[in-house]
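So the structure is just underneath, and the comments pick up after that.
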Amino acid sequence: MQYYSTNGQAPVADLKKAVVKGLAEDRGLYMPERIEKLPKAFFDNMKDMSFQDIAYNVAANFFGEDVDLDGLQELVYDTLQFDCPVVKVEDNIYALELFHGPTLAFKDVGARFMARLLRYFLQQGSADCDNTAADKTVNVLVATSGDTGSAVANGFLGVEGIHVYVLYPKGKVSPIQECQFTTLGQNITAIEVDGVFDDCQALVKSAFMDEELNRHMRLTSANSINVARFLPQAFYYFNACARLASHLSPLTSDIVVCVPSGNFGNICSALFGHEMGLPVKRFIAANNANDVFYQYLRTGRYEPKASIQTLANAMDVGDPSNFARIQNLYSDNGQFSAEETHRRITSLISGATYSDEQIAETMRQCYSETGYILDPHGACGYRALKEQLRPGEIGVFCETAHPAKFKEKVDQILGTDIEIPARLKAFMEGEKQSVEMTNDFADFKRYLMSR
Ligand SMILES: *Cc1c(COP(=O)(O)O)cnc(C)c1O
């Protein structure tokens, strides 16, 4: 399968190059040249299949030309060592719990899958799309405000041939999040930057653009711009439809999927799933106060802004990178006009935006009426369904974080004392190791050049 750039100015790449490079030469995002429908037999049998088997079928549809099928099956099974249940919250509304992975983040699936795919390509011999760098080790740089760093660090932990540098803003990630990437050691280095998240992101971007550094070492990114990180999230949505079948009989065709969104990687994978025949009628992208996509749906104009800090901080994104993919998908790579593309997008996807007060109010309402504890991100998804679900429809929202990851906020809002799962506690017992760094690129470069 070939991958083209959303900016249209870079040569097409094969999967290996798209995964190793992350971003195309023209700074565009890679898109698969085709999205095949899955066969009818798959949909007929789906409800009797395990999460792993469903995921393997979906993965084979995307990656089957580029990864041998035995290898791919092993990779998928190795990635999905946990469950992804659909839980009934109230009549017609279900939570798709995406937080049962190793760091209790839905990003675990994409991060682990990417780590294993990269290892697969490295083991095959030369990942030779960028062989100016002397050393064969692939260095993954990732800037994080919390969740991405822990998922990527744990996904890549102990993977031979890969070293991960996690850059995070000193004092600005929660203690639970921090210990999930600073206590690991091995091939994971945590870099504590004296600055804010935007400084971390700027350091990573400068590193990718620095020619001398790129001759010295092979660099790649593990943000949701990488096809190997965002596409595997489509597994979740096929699994959701399959698990819903055990709650509903017959399985209605009126399923509405609502995704709390920040960089739009997760919902983008669901939309790719829809192109593969996922039996979902329409989608809702739920936002916090960062409403750039919501405004696009209303006006047809995409106007990125600086991000605003909210209770649902993993969705504090003012210029969602995967918007470029959504636009490219529904313009059919530029075949449709901006107006027609907007019409196609709004006919399938609606939006929602909520203030911190509304998020807190929704958490309290849901808890008192149903007993279900929402985290601030999932609360946006639940509320959007409550407001927008039409008679006869069945709504599924993604619960993207375990509430214990936001324990202080959740307890304060709900008056609870929720338990921290053992897996999280274990991280909190490790010893913190990090490298202190200024927010000056010259310092960061000097550090990397000495490695
Ligand atoms: C990353 C994240 C999101 C947003 O997902 P995107 O793919 O960036 O849209 C939502 N909730 C939580 C808890 C997250 O960690």
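Ligands are numbered from 1 in the order shown, residues from 1 within each chain, and chains are lettered A, B, ... in the order they appear in the structure tokens.
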(Q) Which residues are near ligand 1 in this structure, taking near to mean any atom at most 6 Å from a ligand atom and counting only C-alpha atoms and all ligand atoms? Format them as a VMD selection string. (A) chain A and resid 147 260 to 266 314 to 315 377 400 to 401
Can you write just those residues out, N, CA and C atoms, as a PDB file, in the first residue's frame?
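out.pdb was written with the following content:
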```pdb
ATOM      1  N   ASP A 147      -0.666  12.361  29.082  1.00  0.00           N
ATOM      2  CA  ASP A 147      -1.108  11.034  28.667  1.00  0.00           C
ATOM      3  C   ASP A 147      -0.284  10.392  27.559  1.00  0.00           C
ATOM      4  N   PRO A 260     -14.890  12.011  22.461  1.00  0.00           N
ATOM      5  CA  PRO A 260     -14.276  13.210  23.041  1.00  0.00           C
ATOM      6  C   PRO A 260     -12.950  13.456  22.313  1.00  0.00           C
ATOM      7  N   SER A 261     -12.777  14.639  21.742  1.00  0.00           N
ATOM      8  CA  SER A 261     -11.675  14.829  20.797  1.00  0.00           C
ATOM      9  C   SER A 261     -10.766  15.998  21.132  1.00  0.00           C
ATOM     10  N   GLY A 262      -9.466  15.791  20.853  1.00  0.00           N
ATOM     11  CA  GLY A 262      -8.458  16.834  21.059  1.00  0.00           C
ATOM     12  C   GLY A 262      -7.689  17.051  19.772  1.00  0.00           C
ATOM     13  N   ASN A 263      -6.763  16.115  19.481  1.00  0.00           N
ATOM     14  CA  ASN A 263      -6.042  16.166  18.214  1.00  0.00           C
ATOM     15  C   ASN A 263      -6.779  15.437  17.097  1.00  0.00           C
ATOM     16  N   PHE A 264      -7.917  14.835  17.387  1.00  0.00           N
ATOM     17  CA  PHE A 264      -8.794  14.176  16.415  1.00  0.00           C
ATOM     18  C   PHE A 264      -8.211  12.908  15.795  1.00  0.00           C
ATOM     19  N   GLY A 265      -7.200  12.307  16.445  1.00  0.00           N
ATOM     20  CA  GLY A 265      -6.675  11.052  15.938  1.00  0.00           C
ATOM     21  C   GLY A 265      -7.656   9.909  16.160  1.00  0.00           C
ATOM     22  N   ASN A 266      -8.256   9.882  17.350  1.00  0.00           N
ATOM     23  CA  ASN A 266      -9.179   8.807  17.693  1.00  0.00           C
ATOM     24  C   ASN A 266     -10.408   8.817  16.789  1.00  0.00           C
ATOM     25  N   ALA A 314      -6.433  16.653  28.318  1.00  0.00           N
ATOM     26  CA  ALA A 314      -5.889  15.917  27.174  1.00  0.00           C
ATOM     27  C   ALA A 314      -6.564  16.349  25.866  1.00  0.00           C
ATOM     28  N   MET A 315      -7.599  17.171  25.991  1.00  0.00           N
ATOM     29  CA  MET A 315      -8.287  17.689  24.805  1.00  0.00           C
ATOM     30  C   MET A 315      -8.048  19.182  24.631  1.00  0.00           C
ATOM     31  N   HIS A 377     -13.148  13.948  30.463  1.00  0.00           N
ATOM     32  CA  HIS A 377     -13.159  13.789  29.005  1.00  0.00           C
ATOM     33  C   HIS A 377     -14.403  13.030  28.563  1.00  0.00           C
ATOM     34  N   THR A 400     -12.545   7.847  27.647  1.00  0.00           N
ATOM     35  CA  THR A 400     -11.156   7.800  27.188  1.00  0.00           C
ATOM     36  C   THR A 400     -10.135   7.696  28.314  1.00  0.00           C
ATOM     37  N   ALA A 401     -10.537   8.001  29.546  1.00  0.00           N
ATOM     38  CA  ALA A 401      -9.576   7.921  30.653  1.00  0.00           C
ATOM     39  C   ALA A 401     -10.226   7.265  31.863  1.00  0.00           C
TER      40      ALA A 401
END
```
Q | DSSP helix (DSSP H, G or I) selection over region 232-372 of chain A, as a ChimeraX atom specification | A | /A:232-247,265-275,292-299,313-315,323-330,338-348,356-370
Q | One-decimal distance in Å that lies between CA of Gln9 (chain A) and CA of Cys268 (chain A) | A |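 Rounded to one decimal, the two atoms are 22.2 Å apart.
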Q. Near Leu69 (chain A), counting only C-alpha atoms, which residues have an atom at most 10 Å away, once you skip same-chain residues fewer than 5 positions from it, shown as a PyMOL selection string?
A. chain A and resi 56+59-60+63-64+74-75
Q. Closest to Phe43 (chain A) among A:Val86, A:Val193, A:Leu278, A:Val166, using only C-alpha atoms?
A.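 Residue with the minimum atom-to-atom distance to Phe43 (chain A): A:Leu278.
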**Q.** Shell of 8 Å around region 111-124 of chain A, only C-alpha atoms, local chain residues under 4 positions omitted, as an MDAnalysis selection string
**A.** chainID A and resid 16 19:20 75:76 79 107 151:152 154:156 159:162 222 228:229 232
Could you write those residues out with all heavy atoms, as a short mmCIF file (atom, residue, chain, number, x, y, z; two decimals), in the first residue's frame?
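Saved as out-v9.cif:
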```cif
data_model
loop_
_atom_site.label_atom_id
_atom_site.label_comp_id
_atom_site.auth_asym_id
_atom_site.auth_seq_id
_atom_site.Cartn_x
_atom_site.Cartn_y
_atom_site.Cartn_z
N LYS A 16 6.55 1.22 5.53
CA LYS A 16 7.77 1.31 6.35
C LYS A 16 8.28 2.74 6.44
O LYS A 16 8.57 3.25 7.52
CB LYS A 16 8.82 0.40 5.69
CG LYS A 16 10.12 0.30 6.39
CD LYS A 16 10.76 -1.00 5.92
CE LYS A 16 12.22 -0.89 5.67
NZ LYS A 16 12.75 -2.16 5.12
N VAL A 19 5.94 4.97 8.50
CA VAL A 19 6.03 4.74 9.95
C VAL A 19 7.35 5.27 10.51
O VAL A 19 7.39 5.92 11.55
CB VAL A 19 5.87 3.24 10.29
CG1 VAL A 19 6.11 2.99 11.76
CG2 VAL A 19 4.48 2.78 9.89
N VAL A 20 8.46 5.01 9.78
CA VAL A 20 9.76 5.44 10.29
C VAL A 20 9.89 6.96 10.25
O VAL A 20 10.45 7.56 11.15
CB VAL A 20 10.91 4.75 9.51
CG1 VAL A 20 12.26 5.30 9.94
CG2 VAL A 20 10.87 3.24 9.73
N LEU A 75 1.66 -9.46 16.19
CA LEU A 75 1.76 -8.06 16.58
C LEU A 75 0.45 -7.56 17.21
O LEU A 75 0.45 -6.89 18.24
CB LEU A 75 2.05 -7.31 15.28
CG LEU A 75 2.80 -6.03 15.24
CD1 LEU A 75 3.59 -5.97 13.95
CD2 LEU A 75 1.85 -4.90 15.28
N VAL A 76 -0.67 -7.92 16.59
CA VAL A 76 -1.97 -7.48 17.10
C VAL A 76 -2.27 -8.15 18.45
O VAL A 76 -2.68 -7.50 19.41
CB VAL A 76 -3.09 -7.80 16.08
CG1 VAL A 76 -4.47 -7.60 16.70
CG2 VAL A 76 -2.94 -6.93 14.84
N THR A 79 -0.24 -6.65 21.15
CA THR A 79 -0.69 -5.30 21.51
C THR A 79 -1.93 -5.34 22.39
O THR A 79 -2.04 -4.58 23.35
CB THR A 79 -1.00 -4.50 20.23
OG1 THR A 79 0.18 -4.41 19.43
CG2 THR A 79 -1.48 -3.09 20.55
N LYS A 107 -4.58 5.58 24.41
CA LYS A 107 -3.42 5.73 23.53
C LYS A 107 -2.47 4.52 23.62
O LYS A 107 -1.58 4.39 22.81
CB LYS A 107 -2.68 7.02 23.87
CG LYS A 107 -3.50 8.26 23.55
CD LYS A 107 -2.72 9.53 23.89
CE LYS A 107 -3.49 10.78 23.52
NZ LYS A 107 -4.58 11.07 24.48
N ALA A 151 1.82 6.58 27.63
CA ALA A 151 1.43 5.51 26.71
C ALA A 151 2.59 5.15 25.79
O ALA A 151 2.89 3.97 25.59
CB ALA A 151 0.20 5.92 25.89
N VAL A 152 3.27 6.16 25.25
CA VAL A 152 4.38 5.89 24.33
C VAL A 152 5.54 5.24 25.08
O VAL A 152 6.09 4.23 24.64
CB VAL A 152 4.82 7.19 23.62
CG1 VAL A 152 6.14 6.98 22.87
CG2 VAL A 152 3.73 7.66 22.65
N ASN A 154 5.58 3.44 27.80
CA ASN A 154 5.28 2.07 28.17
C ASN A 154 5.13 1.16 26.94
O ASN A 154 5.48 -0.01 27.00
CB ASN A 154 4.04 2.01 29.05
CG ASN A 154 4.37 2.44 30.47
OD1 ASN A 154 4.81 1.64 31.27
ND2 ASN A 154 4.22 3.73 30.77
N GLY A 155 4.61 1.72 25.85
CA GLY A 155 4.49 0.94 24.63
C GLY A 155 5.84 0.54 24.06
O GLY A 155 6.00 -0.53 23.49
N PHE A 156 6.84 1.41 24.21
CA PHE A 156 8.16 1.18 23.63
C PHE A 156 9.16 0.58 24.61
O PHE A 156 10.29 0.27 24.24
CB PHE A 156 8.74 2.50 23.07
CG PHE A 156 8.15 2.90 21.75
CD1 PHE A 156 6.93 3.55 21.69
CD2 PHE A 156 8.82 2.66 20.56
CE1 PHE A 156 6.38 3.94 20.48
CE2 PHE A 156 8.28 3.04 19.34
CZ PHE A 156 7.06 3.68 19.30
N VAL A 159 11.83 -2.29 23.94
CA VAL A 159 11.85 -2.67 22.52
C VAL A 159 13.24 -2.38 21.95
O VAL A 159 13.70 -1.23 21.95
CB VAL A 159 10.76 -1.94 21.71
CG1 VAL A 159 10.87 -2.31 20.23
CG2 VAL A 159 9.38 -2.30 22.25
N GLU A 160 13.88 -3.44 21.48
CA GLU A 160 15.26 -3.35 21.02
C GLU A 160 15.39 -2.46 19.78
O GLU A 160 14.53 -2.48 18.91
CB GLU A 160 15.71 -4.76 20.64
CG GLU A 160 17.11 -5.10 21.05
CD GLU A 160 17.34 -6.58 20.82
OE1 GLU A 160 16.75 -7.39 21.58
OE2 GLU A 160 18.06 -6.90 19.88
N GLY A 161 16.45 -1.67 19.73
CA GLY A 161 16.71 -0.85 18.55
C GLY A 161 16.01 0.49 18.58
O GLY A 161 16.10 1.27 17.65
N ILE A 162 15.28 0.76 19.66
CA ILE A 162 14.54 2.02 19.74
C ILE A 162 14.82 2.69 21.08
O ILE A 162 14.84 2.04 22.13
CB ILE A 162 13.02 1.78 19.61
CG1 ILE A 162 12.73 1.04 18.30
CG2 ILE A 162 12.26 3.10 19.66
CD1 ILE A 162 11.28 0.67 18.10
N ALA A 222 6.21 10.03 17.65
CA ALA A 222 5.17 9.04 17.98
C ALA A 222 3.87 9.73 18.35
O ALA A 222 3.10 9.22 19.14
CB ALA A 222 5.65 8.12 19.10
N ALA A 228 0.90 4.58 12.10
CA ALA A 228 0.90 3.37 12.93
C ALA A 228 0.33 3.64 14.31
O ALA A 228 0.01 2.73 15.06
CB ALA A 228 2.31 2.81 13.07
N ARG A 229 0.21 4.91 14.67
CA ARG A 229 -0.37 5.21 15.98
C ARG A 229 -1.86 5.48 15.91
O ARG A 229 -2.62 5.07 16.78
CB ARG A 229 0.34 6.39 16.65
CG ARG A 229 0.94 5.99 17.98
CD ARG A 229 1.06 7.11 18.95
NE ARG A 229 -0.20 7.53 19.52
CZ ARG A 229 -0.36 8.67 20.15
NH1 ARG A 229 0.65 9.50 20.31
NH2 ARG A 229 -1.53 8.99 20.64
N PRO A 232 -4.60 2.04 14.28
CA PRO A 232 -5.04 0.90 15.10
C PRO A 232 -6.20 1.23 16.04
O PRO A 232 -6.87 0.33 16.54
CB PRO A 232 -3.78 0.54 15.90
CG PRO A 232 -2.65 1.05 15.07
CD PRO A 232 -3.17 2.29 14.41
#
```
